[in-house]
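Listing of upload-v2.cif; format and content: mmCIF, C-alpha atoms and all ligand atoms.
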```
data_input
#
loop_
_atom_site.label_atom_id
_atom_site.label_comp_id
_atom_site.auth_asym_id
_atom_site.auth_seq_id
_atom_site.Cartn_x
_atom_site.Cartn_y
_atom_site.Cartn_z
CA MET I 1 96.41 66.32 67.49
CA VAL I 2 93.86 66.75 70.27
CA LYS I 3 90.95 64.36 69.95
CA LYS I 4 87.43 65.70 70.23
CA ILE I 5 84.15 64.08 71.23
CA PHE I 6 80.81 65.84 70.84
CA ALA I 7 77.75 64.68 72.78
CA PHE I 8 74.11 65.30 71.80
CA SER I 9 70.97 65.57 73.95
CA ILE I 10 72.80 65.76 77.25
CA ARG I 11 70.21 66.15 80.01
CA LYS I 12 70.80 68.18 83.18
CA ASP I 13 71.16 64.97 85.21
CA GLU I 14 73.85 63.68 82.83
CA GLU I 15 75.91 66.87 82.79
CA PRO I 16 77.93 66.18 85.99
CA TYR I 17 79.07 62.83 84.58
CA VAL I 18 80.07 64.36 81.23
CA LYS I 19 82.17 66.85 83.20
CA GLU I 20 83.61 64.04 85.35
CA TRP I 21 84.69 62.11 82.24
CA ALA I 22 86.14 65.25 80.63
CA LYS I 23 88.13 66.00 83.81
CA ASP I 24 89.53 62.47 83.82
CA HIS I 25 90.50 62.77 80.13
CA PRO I 26 92.29 66.12 79.75
CA GLU I 27 93.75 64.84 76.47
CA VAL I 28 90.26 64.84 74.91
CA GLU I 29 88.25 67.94 74.06
CA VAL I 30 84.62 67.40 75.10
CA GLU I 31 81.70 69.50 73.94
CA TYR I 32 77.98 68.88 74.27
CA THR I 33 74.50 70.19 73.65
CA ASP I 34 71.03 69.44 75.01
CA GLU I 35 69.71 69.31 71.43
CA LEU I 36 68.82 66.04 69.73
CA LEU I 37 70.85 64.80 66.77
CA THR I 38 69.05 65.73 63.53
CA PRO I 39 70.21 66.56 59.99
CA GLU I 40 70.11 70.22 61.09
CA THR I 41 72.03 69.88 64.37
CA ALA I 42 74.67 67.41 63.12
CA ALA I 43 76.92 70.32 62.09
CA LYS I 44 77.32 71.24 65.77
CA ALA I 45 79.73 68.30 65.97
CA LYS I 46 81.97 69.81 63.29
CA GLY I 47 85.61 69.01 63.98
CA ALA I 48 84.83 66.14 66.36
CA ASP I 49 86.30 62.67 65.90
CA GLY I 50 83.25 60.95 67.35
CA VAL I 51 79.80 61.56 68.82
CA VAL I 52 78.01 60.32 71.92
CA VAL I 53 74.23 60.10 71.57
CA TYR I 54 70.95 58.96 73.17
CA GLN I 55 67.47 59.66 71.80
CA GLN I 56 64.13 58.07 70.97
CA LEU I 57 64.14 60.02 67.69
CA ASP I 58 65.22 57.96 64.67
CA TYR I 59 68.78 58.11 63.39
CA THR I 60 67.56 58.51 59.79
CA PRO I 61 69.66 58.15 56.62
CA GLU I 62 69.67 61.98 56.41
CA THR I 63 70.92 62.32 59.99
CA LEU I 64 73.68 59.76 59.47
CA GLN I 65 74.62 61.38 56.15
CA ALA I 66 74.85 64.80 57.83
CA LEU I 67 77.28 63.39 60.41
CA ALA I 68 79.32 61.63 57.72
CA ASP I 69 79.46 64.93 55.79
CA GLU I 70 81.29 66.32 58.84
CA GLY I 71 83.68 63.37 58.61
CA ILE I 72 82.16 61.68 61.69
CA THR I 73 81.34 57.96 61.55
CA LYS I 74 82.12 56.88 65.12
CA MET I 75 78.95 56.97 67.19
CA SER I 76 78.50 55.77 70.77
CA LEU I 77 75.04 55.32 72.26
CA ARG I 78 74.50 55.90 75.97
CA ASN I 79 71.66 53.35 75.95
CA VAL I 80 71.03 49.77 74.83
CA GLY I 81 68.51 49.98 71.97
CA VAL I 82 69.71 50.32 68.40
CA ASP I 83 66.43 49.69 66.54
CA ASN I 84 66.02 53.41 65.74
CA ILE I 85 69.24 53.46 63.69
CA ASP I 86 69.02 53.05 59.91
CA MET I 87 71.60 50.26 59.84
CA ALA I 88 71.71 49.90 56.04
CA LYS I 89 72.72 53.54 55.68
CA ALA I 90 75.12 53.29 58.64
CA LYS I 91 76.81 50.35 56.94
CA GLU I 92 76.98 52.12 53.59
CA LEU I 93 78.66 55.12 55.24
CA GLY I 94 81.09 52.94 57.21
CA PHE I 95 79.78 53.82 60.66
CA GLU I 96 81.26 52.21 63.77
CA ILE I 97 78.70 52.10 66.58
CA THR I 98 78.76 51.12 70.25
CA ASN I 99 76.05 50.90 72.93
CA VAL I 100 75.86 50.31 76.68
CA PRO I 101 74.04 46.99 77.09
CA VAL I 102 74.42 46.70 80.87
CA TYR I 103 74.59 49.81 83.04
CA SER I 104 73.02 48.87 86.36
CA PRO I 105 70.88 45.74 86.64
CA ASN I 106 70.26 46.71 90.27
CA ALA I 107 68.43 49.87 89.22
CA ILE I 108 65.71 47.88 87.46
CA ALA I 109 65.70 44.90 89.82
CA GLU I 110 65.40 47.14 92.87
CA HIS I 111 62.51 49.07 91.34
CA ALA I 112 60.69 45.83 90.48
CA ALA I 113 61.26 44.54 94.03
CA ILE I 114 60.09 47.76 95.69
CA GLN I 115 56.92 47.80 93.57
CA THR I 116 56.28 44.12 94.30
CA ALA I 117 56.46 44.79 98.03
CA ARG I 118 54.24 47.87 97.67
CA ILE I 119 51.53 45.97 95.79
CA LEU I 120 51.54 43.19 98.39
CA ARG I 121 51.14 45.73 101.22
CA GLN I 122 48.51 47.72 99.23
CA THR I 123 50.39 50.97 99.79
CA LYS I 124 48.57 52.81 97.00
CA VAL I 125 45.21 52.04 98.64
CA LEU I 126 46.55 53.09 102.05
CA ASP I 127 48.09 56.31 100.71
CA GLU I 128 44.76 57.25 99.09
CA LYS I 129 42.84 56.46 102.28
CA ILE I 130 45.24 58.43 104.47
CA ALA I 131 45.21 61.41 102.13
CA ASN I 132 41.40 61.42 102.49
CA GLY I 133 41.53 61.25 106.29
CA ASP I 134 40.51 57.57 106.54
CA LEU I 135 42.97 56.09 109.03
CA ARG I 136 41.23 52.77 109.56
CA TRP I 137 43.20 49.54 109.02
CA ALA I 138 40.58 47.29 107.46
CA PRO I 139 40.15 46.04 104.86
CA THR I 140 43.63 47.05 103.67
CA ILE I 141 45.53 44.06 104.96
CA GLY I 142 48.99 43.23 103.59
CA ARG I 143 50.54 40.04 102.28
CA GLU I 144 54.05 39.29 103.56
CA VAL I 145 56.72 38.73 100.93
CA ARG I 146 58.04 35.68 102.79
CA ASP I 147 54.71 33.94 102.24
CA GLN I 148 54.95 34.30 98.44
CA THR I 149 56.43 32.06 95.81
CA VAL I 150 58.05 34.47 93.37
CA GLY I 151 58.37 33.18 89.81
CA VAL I 152 61.10 34.90 87.81
CA ILE I 153 60.93 34.61 84.02
CA GLY I 154 64.39 35.27 82.59
CA THR I 155 67.47 34.88 84.77
CA GLY I 156 69.79 37.30 82.97
CA HIS I 157 71.47 40.35 84.48
CA ILE I 158 68.33 41.90 85.96
CA GLY I 159 66.33 38.76 86.82
CA ARG I 160 69.21 37.42 88.92
CA VAL I 161 69.43 40.57 91.06
CA TYR I 162 65.63 40.60 91.50
CA MET I 163 65.83 37.00 92.72
CA GLN I 164 68.43 37.95 95.35
CA ILE I 165 66.41 40.90 96.62
CA MET I 166 63.19 38.90 96.85
CA GLU I 167 65.04 36.14 98.66
CA GLY I 168 66.35 38.77 101.05
CA PHE I 169 62.71 39.48 101.93
CA GLY I 170 62.30 35.76 102.58
CA ALA I 171 60.30 34.78 99.49
CA LYS I 172 60.54 31.35 97.94
CA VAL I 173 62.02 32.01 94.49
CA ILE I 174 61.57 29.83 91.42
CA ALA I 175 62.70 30.63 87.89
CA TYR I 176 62.36 29.71 84.25
CA ASP I 177 64.83 30.42 81.45
CA PRO I 178 65.51 28.28 78.37
CA PHE I 179 69.19 29.11 78.89
CA GLU I 180 69.73 28.03 82.47
CA ASN I 181 72.47 29.65 84.50
CA PRO I 182 74.69 26.78 85.78
CA GLU I 183 75.11 28.32 89.24
CA LEU I 184 71.36 28.86 89.70
CA LYS I 185 70.67 25.39 88.33
CA LYS I 186 72.94 23.86 90.94
CA GLN I 187 71.00 25.74 93.60
CA GLY I 188 67.74 24.26 92.31
CA TYR I 189 65.86 27.40 91.30
CA TYR I 190 64.62 26.26 87.90
CA VAL I 191 61.24 24.77 87.08
CA ASP I 192 60.88 22.86 83.80
CA SER I 193 58.41 25.08 81.99
CA LEU I 194 56.51 28.34 82.09
CA ASP I 195 53.38 26.32 82.86
CA ASP I 196 55.08 24.96 85.99
CA LEU I 197 56.05 28.47 87.01
CA TYR I 198 52.51 29.82 86.43
CA ALA I 199 51.04 26.97 88.48
CA GLN I 200 53.26 27.71 91.51
CA ALA I 201 53.95 31.46 91.54
CA ASP I 202 52.09 34.05 93.61
CA VAL I 203 54.18 36.74 91.91
CA VAL I 204 55.21 36.47 88.23
CA SER I 205 58.01 38.84 87.26
CA LEU I 206 59.23 39.29 83.68
CA HIS I 207 62.92 39.86 82.95
CA VAL I 208 63.18 38.81 79.30
CA PRO I 209 63.86 40.71 76.08
CA ALA I 210 61.06 41.73 73.71
CA THR I 211 61.81 39.29 70.91
CA LYS I 212 59.26 38.23 68.30
CA GLU I 213 58.77 34.95 70.18
CA ASN I 214 58.09 36.78 73.44
CA PHE I 215 55.44 39.14 72.01
CA HIS I 216 52.40 39.08 74.34
CA MET I 217 53.80 36.11 76.25
CA ILE I 218 51.51 37.18 79.09
CA ASP I 219 48.16 36.75 77.34
CA LYS I 220 44.74 35.36 78.24
CA ASP I 221 45.99 31.76 78.16
CA ALA I 222 49.03 32.46 80.33
CA ILE I 223 46.94 34.34 82.89
CA ALA I 224 44.41 31.50 83.01
CA LYS I 225 47.25 29.17 84.04
CA MET I 226 48.31 31.43 86.92
CA LYS I 227 47.15 31.15 90.53
CA ASP I 228 44.23 33.25 91.74
CA ASN I 229 45.33 36.57 93.28
CA VAL I 230 48.53 36.58 91.27
CA VAL I 231 50.75 39.68 91.06
CA ILE I 232 52.24 40.38 87.63
CA VAL I 233 55.39 42.51 87.33
CA ASN I 234 56.54 43.98 84.03
CA CYS I 235 59.63 46.16 84.34
CA SER I 236 61.00 44.76 81.08
CA ARG I 237 59.20 45.67 77.86
CA GLY I 238 55.62 46.63 77.10
CA ALA I 239 55.29 44.22 74.18
CA LEU I 240 55.64 41.22 76.51
CA VAL I 241 52.18 41.81 77.96
CA ASP I 242 48.76 41.77 76.30
CA THR I 243 47.40 44.76 78.21
CA ASP I 244 43.75 43.95 77.41
CA ALA I 245 44.17 40.44 78.83
CA VAL I 246 45.62 41.90 82.04
CA ILE I 247 42.72 44.35 82.33
CA GLU I 248 40.32 41.44 81.98
CA GLY I 249 42.20 39.62 84.76
CA LEU I 250 42.08 42.71 86.98
CA ASP I 251 38.35 43.13 86.35
CA SER I 252 37.58 39.52 87.16
CA GLY I 253 39.67 39.64 90.35
CA LYS I 254 42.01 36.90 89.12
CA ILE I 255 44.94 39.35 89.25
CA PHE I 256 45.63 40.89 92.67
CA GLY I 257 47.94 43.56 91.35
CA PHE I 258 49.78 44.67 88.24
CA ILE I 259 53.10 46.50 88.12
CA MET I 260 53.99 48.17 84.87
CA ASP I 261 57.09 50.24 84.26
CA THR I 262 56.66 49.63 80.55
CA TYR I 263 53.60 49.74 78.32
CA GLU I 264 53.12 48.45 74.81
CA ASP I 265 51.97 51.90 73.55
CA GLU I 266 54.39 53.98 75.64
CA VAL I 267 56.30 55.65 72.79
CA GLY I 268 55.33 59.31 72.62
CA ILE I 269 53.44 59.09 75.96
CA PHE I 270 56.01 58.24 78.63
CA ASN I 271 58.53 60.91 79.59
CA GLU I 272 56.15 63.70 78.49
CA ASP I 273 54.25 66.27 80.57
CA TRP I 274 50.47 65.80 80.10
CA ARG I 275 49.37 68.06 82.93
CA ASP I 276 47.90 70.79 80.73
CA LYS I 277 46.99 68.60 77.79
CA GLU I 278 44.40 65.97 77.06
CA PHE I 279 45.75 62.59 78.18
CA PRO I 280 46.27 60.63 74.95
CA ASP I 281 45.54 57.04 76.02
CA LYS I 282 42.27 56.07 77.75
CA ARG I 283 43.40 52.52 78.50
CA LEU I 284 46.55 53.76 80.23
CA LYS I 285 44.58 56.38 82.17
CA ASP I 286 42.25 53.65 83.39
CA LEU I 287 45.23 51.60 84.58
CA ILE I 288 46.82 54.59 86.33
CA ASP I 289 43.54 55.22 88.18
CA ARG I 290 43.30 51.70 89.58
CA SER I 291 44.48 51.28 93.16
CA ASN I 292 45.95 47.82 92.49
CA VAL I 293 48.01 48.91 89.47
CA LEU I 294 51.34 50.67 89.87
CA VAL I 295 52.37 52.57 86.75
CA THR I 296 55.79 54.17 86.35
CA PRO I 297 56.84 55.71 83.03
CA HIS I 298 59.83 53.48 82.21
CA THR I 299 61.83 54.90 85.09
CA ALA I 300 63.14 51.65 86.58
CA PHE I 301 66.55 52.30 85.06
CA TYR I 302 66.62 55.97 86.04
CA THR I 303 69.05 56.20 88.94
CA THR I 304 72.18 58.26 89.47
CA HIS I 305 74.25 55.06 89.40
CA ALA I 306 72.83 53.93 86.05
CA VAL I 307 72.97 57.35 84.38
CA ARG I 308 76.60 57.76 85.43
CA ASN I 309 77.50 54.37 83.96
CA MET I 310 75.64 55.13 80.73
CA VAL I 311 77.55 58.38 80.23
CA LEU I 312 81.01 57.15 81.29
CA ASN I 313 80.78 53.87 79.35
CA ALA I 314 79.61 55.63 76.19
CA PHE I 315 82.51 58.09 76.32
CA ASP I 316 84.99 55.26 77.07
CA ASN I 317 83.67 53.35 74.07
CA ASN I 318 83.84 56.37 71.81
CA LEU I 319 87.44 57.12 72.77
CA LYS I 320 88.39 53.53 71.96
CA LEU I 321 86.76 53.84 68.52
CA ILE I 322 88.58 57.11 67.92
CA ASN I 323 91.90 55.57 68.95
CA GLY I 324 91.32 52.65 66.58
CA GLU I 325 91.03 50.22 69.50
CA GLU I 326 88.37 47.59 69.95
CA ALA I 327 85.43 49.04 71.88
CA ASP I 328 84.08 47.16 74.91
CA THR I 329 80.57 46.84 73.53
CA PRO I 330 80.47 47.26 69.75
CA VAL I 331 77.17 47.02 67.89
CA LYS I 332 76.89 44.97 64.71
CA VAL I 333 76.29 47.45 61.90
CA GLY I 334 74.20 46.18 58.98
N1 LIG I 401 62.43 49.24 82.73
C1 LIG I 401 63.65 49.62 82.45
O1 LIG I 401 64.04 50.76 82.72
C2 LIG I 401 64.62 48.65 81.79
C3 LIG I 401 65.97 48.98 81.70
C4 LIG I 401 66.87 48.05 81.16
C5 LIG I 401 66.41 46.84 80.68
N2 LIG I 401 65.07 46.54 80.72
C6 LIG I 401 64.57 45.27 80.20
O2 LIG I 401 64.77 44.22 81.14
C7 LIG I 401 64.75 42.97 80.46
C8 LIG I 401 65.87 42.07 80.96
O3 LIG I 401 67.12 42.67 80.72
P1 LIG I 401 68.51 41.92 81.09
O4 LIG I 401 69.58 42.94 80.96
O5 LIG I 401 68.36 41.16 82.35
O6 LIG I 401 68.61 40.91 79.87
P2 LIG I 401 69.56 39.64 79.73
O7 LIG I 401 69.80 39.48 78.28
O8 LIG I 401 70.72 39.73 80.66
O9 LIG I 401 68.62 38.44 80.23
C9 LIG I 401 67.45 38.06 79.59
C10 LIG I 401 67.21 36.57 79.90
O10 LIG I 401 65.92 36.22 79.42
C11 LIG I 401 65.98 34.88 78.94
N3 LIG I 401 64.80 34.64 78.10
C12 LIG I 401 64.56 35.05 76.83
N4 LIG I 401 63.32 34.64 76.44
C13 LIG I 401 62.79 33.96 77.49
C14 LIG I 401 61.54 33.32 77.71
N5 LIG I 401 60.60 33.28 76.76
N6 LIG I 401 61.33 32.73 78.90
C15 LIG I 401 62.26 32.74 79.87
N7 LIG I 401 63.47 33.34 79.72
C16 LIG I 401 63.72 33.96 78.54
C17 LIG I 401 67.31 34.83 78.22
O11 LIG I 401 67.75 33.48 78.05
C18 LIG I 401 68.19 35.62 79.20
O12 LIG I 401 68.80 34.78 80.16
C19 LIG I 401 64.82 43.31 78.97
O13 LIG I 401 63.52 43.27 78.41
C20 LIG I 401 65.28 44.75 78.97
O14 LIG I 401 64.84 45.42 77.80
C21 LIG I 401 64.18 47.42 81.28
#
```
Represent the structure contained in this file as structure tokens.
Ligand SMILES: NC(=O)c1ccc[n+]([C@@H]2O[C@H](COP(=O)([O-])OP(=O)(O)OC[C@H]3O[C@@H](n4cnc5c(N)ncnc54)[C@H](O)[C@@H]3O)[C@@H](O)[C@H]2O)c1
Amino acid sequence: MVKKIFAFSIRKDEEPYVKEWAKDHPEVEVEYTDELLTPETAAKAKGADGVVVYQQLDYTPETLQALADEGITKMSLRNVGVDNIDMAKAKELGFEITNVPVYSPNAIAEHAAIQTARILRQTKVLDEKIANGDLRWAPTIGREVRDQTVGVIGTGHIGRVYMQIMEGFGAKVIAYDPFENPELKKQGYYVDSLDDLYAQADVVSLHVPATKENFHMIDKDAIAKMKDNVVIVNCSRGALVDTDAVIEGLDSGKIFGFIMDTYEDEVGIFNEDWRDKEFPDKRLKDLIDRSNVLVTPHTAFYTTHAVRNMVLNAFDNNLKLINGEEADTPVKVG
């Protein structure tokens, strides 16, 4: 019997990759919609053996039940995060779930590196000046990357690529990670503690997960330990940074520049169009308006390379589940 996979909330930029996967798998029937998966839309997947999904919206007990009512319990996420899935219900219904934990570390690392270089060269200030007809050089003088010591917190998939790129610019790179990578250790990158890193780094870049222990790891105390004129880069997770403490550091001049691709209150704000509506977050608006703060709405990952991998890997995983094979990246259910 022909196998069928149904995909929810397929965006326009994902569509070519869905078609690419379908073309490469003529033995599988592929259907999709741009609608999110809800108790009401679940029936669209009727007759499918598995579903491919990606949404900020919760996978509630009702949503999971609605899928199970269609006989579908094999669900493959195109993203990493699984905290919006009601795992107890998923377990009760016998769901098998997969995600895509690594899709393109370069996408995020490259973005962080580009923004770091931009902050050091004050490009936002220059762009604003030029747009207003002010073509004078001073006082907008740049700092060269090769003169910086770049401190990388977290040397996992993304941190390691960021290190390489910054080294390519000629920076001195140091790193801290409680789980040291043997290769990097041999090459002498690691300092012994975060305090050591803060004491030496001109740029502090975060590449760690948002665990309970890491909540607000960049707070008033951490910033006080950093060098004057430090640049802080957060392309990881909003919860890692105490935004108020950073604002204080920006106001006092301690922090030279702040790069934020993530924000602790971003849910419901990022990836929305606020042009004709009242902007919902004064603190964020204030940050966006500052010439030494670069805000991007969690777009570091958003490249053609990454989106393609997210789609293809999710479909590959789902087919394996359907065929009763072990998926490449299963998620623990329960
Ligand atoms: N902005 C985006 O679009 C985007 C996209 C994907 C991932 N991310 C985020 O990037 C971050 C890194 O992802 P990754 O794939 O490299 O993760 P990873 O799991 O490969 O690496 C994380 C590393 O951080 C280390 N670590 C954990 N706590 C630490 C601490 N307190 N101090 C120092 N090191 C610590 C771990 O030992 C690990 O080596 C995550 O927060 C992830 O959510 C952001």
Restrict the calculation to all atoms listed in the file, then for each residue of chain I with any atom at most 9 Å from an atom of ligand LIG 401 (chain I) give the closest atom pair and their distance in Å to one decimal, rows by chain and rising residue number, as a Markdown table.
```
| residue | atom | partner | partner_atom | distance |
| --- | --- | --- | --- | --- |
| I:Asn79 | CA | I:LIG401 | C4 | 8.8 |
| I:Val80 | CA | I:LIG401 | C4 | 7.8 |
| I:Gly81 | CA | I:LIG401 | O14 | 8.3 |
| I:Pro101 | CA | I:LIG401 | O4 | 7.2 |
| I:Val102 | CA | I:LIG401 | O4 | 6.1 |
| I:Tyr103 | CA | I:LIG401 | C4 | 8.1 |
| I:Ser104 | CA | I:LIG401 | C4 | 8.1 |
| I:Pro105 | CA | I:LIG401 | O4 | 6.5 |
| I:Ala107 | CA | I:LIG401 | O1 | 7.9 |
| I:Ile108 | CA | I:LIG401 | C1 | 5.7 |
| I:Ala109 | CA | I:LIG401 | O2 | 8.8 |
| I:His111 | CA | I:LIG401 | N1 | 8.6 |
| I:Ala112 | CA | I:LIG401 | N1 | 8.6 |
| I:Val152 | CA | I:LIG401 | C15 | 8.3 |
| I:Ile153 | CA | I:LIG401 | C15 | 4.7 |
| I:Gly154 | CA | I:LIG401 | N7 | 3.6 |
| I:Thr155 | CA | I:LIG401 | O12 | 4.8 |
| I:Gly156 | CA | I:LIG401 | O9 | 3.2 |
| I:His157 | CA | I:LIG401 | O5 | 3.9 |
| I:Ile158 | CA | I:LIG401 | O5 | 3.7 |
| I:Gly159 | CA | I:LIG401 | O5 | 5.5 |
| I:Arg160 | CA | I:LIG401 | O5 | 7.6 |
| I:Val161 | CA | I:LIG401 | O5 | 8.8 |
| I:Ala175 | CA | I:LIG401 | C15 | 8.3 |
| I:Tyr176 | CA | I:LIG401 | C15 | 5.3 |
| I:Asp177 | CA | I:LIG401 | N7 | 3.7 |
| I:Pro178 | CA | I:LIG401 | N7 | 5.6 |
| I:Phe179 | CA | I:LIG401 | O11 | 4.7 |
| I:Glu180 | CA | I:LIG401 | O12 | 7.2 |
| I:Asn181 | CA | I:LIG401 | O12 | 7.7 |
| I:Ser193 | CA | I:LIG401 | N6 | 8.8 |
| I:Leu194 | CA | I:LIG401 | N6 | 7.3 |
| I:Leu206 | CA | I:LIG401 | C7 | 7.4 |
| I:His207 | CA | I:LIG401 | C8 | 4.2 |
| I:Val208 | CA | I:LIG401 | O10 | 3.8 |
| I:Pro209 | CA | I:LIG401 | O13 | 3.5 |
| I:Ala210 | CA | I:LIG401 | O13 | 5.5 |
| I:Thr211 | CA | I:LIG401 | N4 | 7.4 |
| I:Glu213 | CA | I:LIG401 | N5 | 7.0 |
| I:Asn214 | CA | I:LIG401 | N5 | 5.4 |
| I:Met217 | CA | I:LIG401 | N5 | 7.4 |
| I:Asn234 | CA | I:LIG401 | N1 | 8.0 |
| I:Cys235 | CA | I:LIG401 | N1 | 4.5 |
| I:Ser236 | CA | I:LIG401 | C6 | 3.7 |
| I:Arg237 | CA | I:LIG401 | O13 | 5.0 |
| I:Gly238 | CA | I:LIG401 | O13 | 8.7 |
| I:Leu240 | CA | I:LIG401 | O13 | 8.4 |
| I:Met260 | CA | I:LIG401 | N1 | 8.8 |
| I:Asp261 | CA | I:LIG401 | N1 | 5.6 |
| I:Thr262 | CA | I:LIG401 | N1 | 6.2 |
| I:Pro297 | CA | I:LIG401 | N1 | 8.6 |
| I:His298 | CA | I:LIG401 | N1 | 5.0 |
| I:Thr299 | CA | I:LIG401 | O1 | 5.3 |
| I:Ala300 | CA | I:LIG401 | O1 | 4.1 |
| I:Phe301 | CA | I:LIG401 | O1 | 3.8 |
| I:Tyr302 | CA | I:LIG401 | O1 | 6.7 |
```
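For the residues I:Lys277, I:Pro330, I:Ala314, I:Gly268, ranking by smallest atom-to-atom distance to Val18 in chain I using all atoms listed in the file places I:Ala314 first.
In this model, the gap between CA of Thr304 in chain I and CA of Lys19 in chain I comes to 14.6 Å.
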What does the distance from CA of Leu294 in chain I to CA of Phe258 in chain I come to in Å, to one decimal?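 A separation of 6.4 Å between them.
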Contacts of Asp328 in chain I at 10 Å or less, counting all atoms listed in the file, minus same-chain residues fewer than 5 places along, as a PyMOL selection string? chain I and resi 98-100+313-314+316-318+320-321
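Each of I:Lys220, I:Leu120, I:Val173, I:Gln148 was compared to Gln187 in chain I using all atoms listed in the file, and I:Val173 turns out to be the nearest.
When CA of Lys212 in chain I is paired with CA of Met163 in chain I, their separation reads 25.3 Å.
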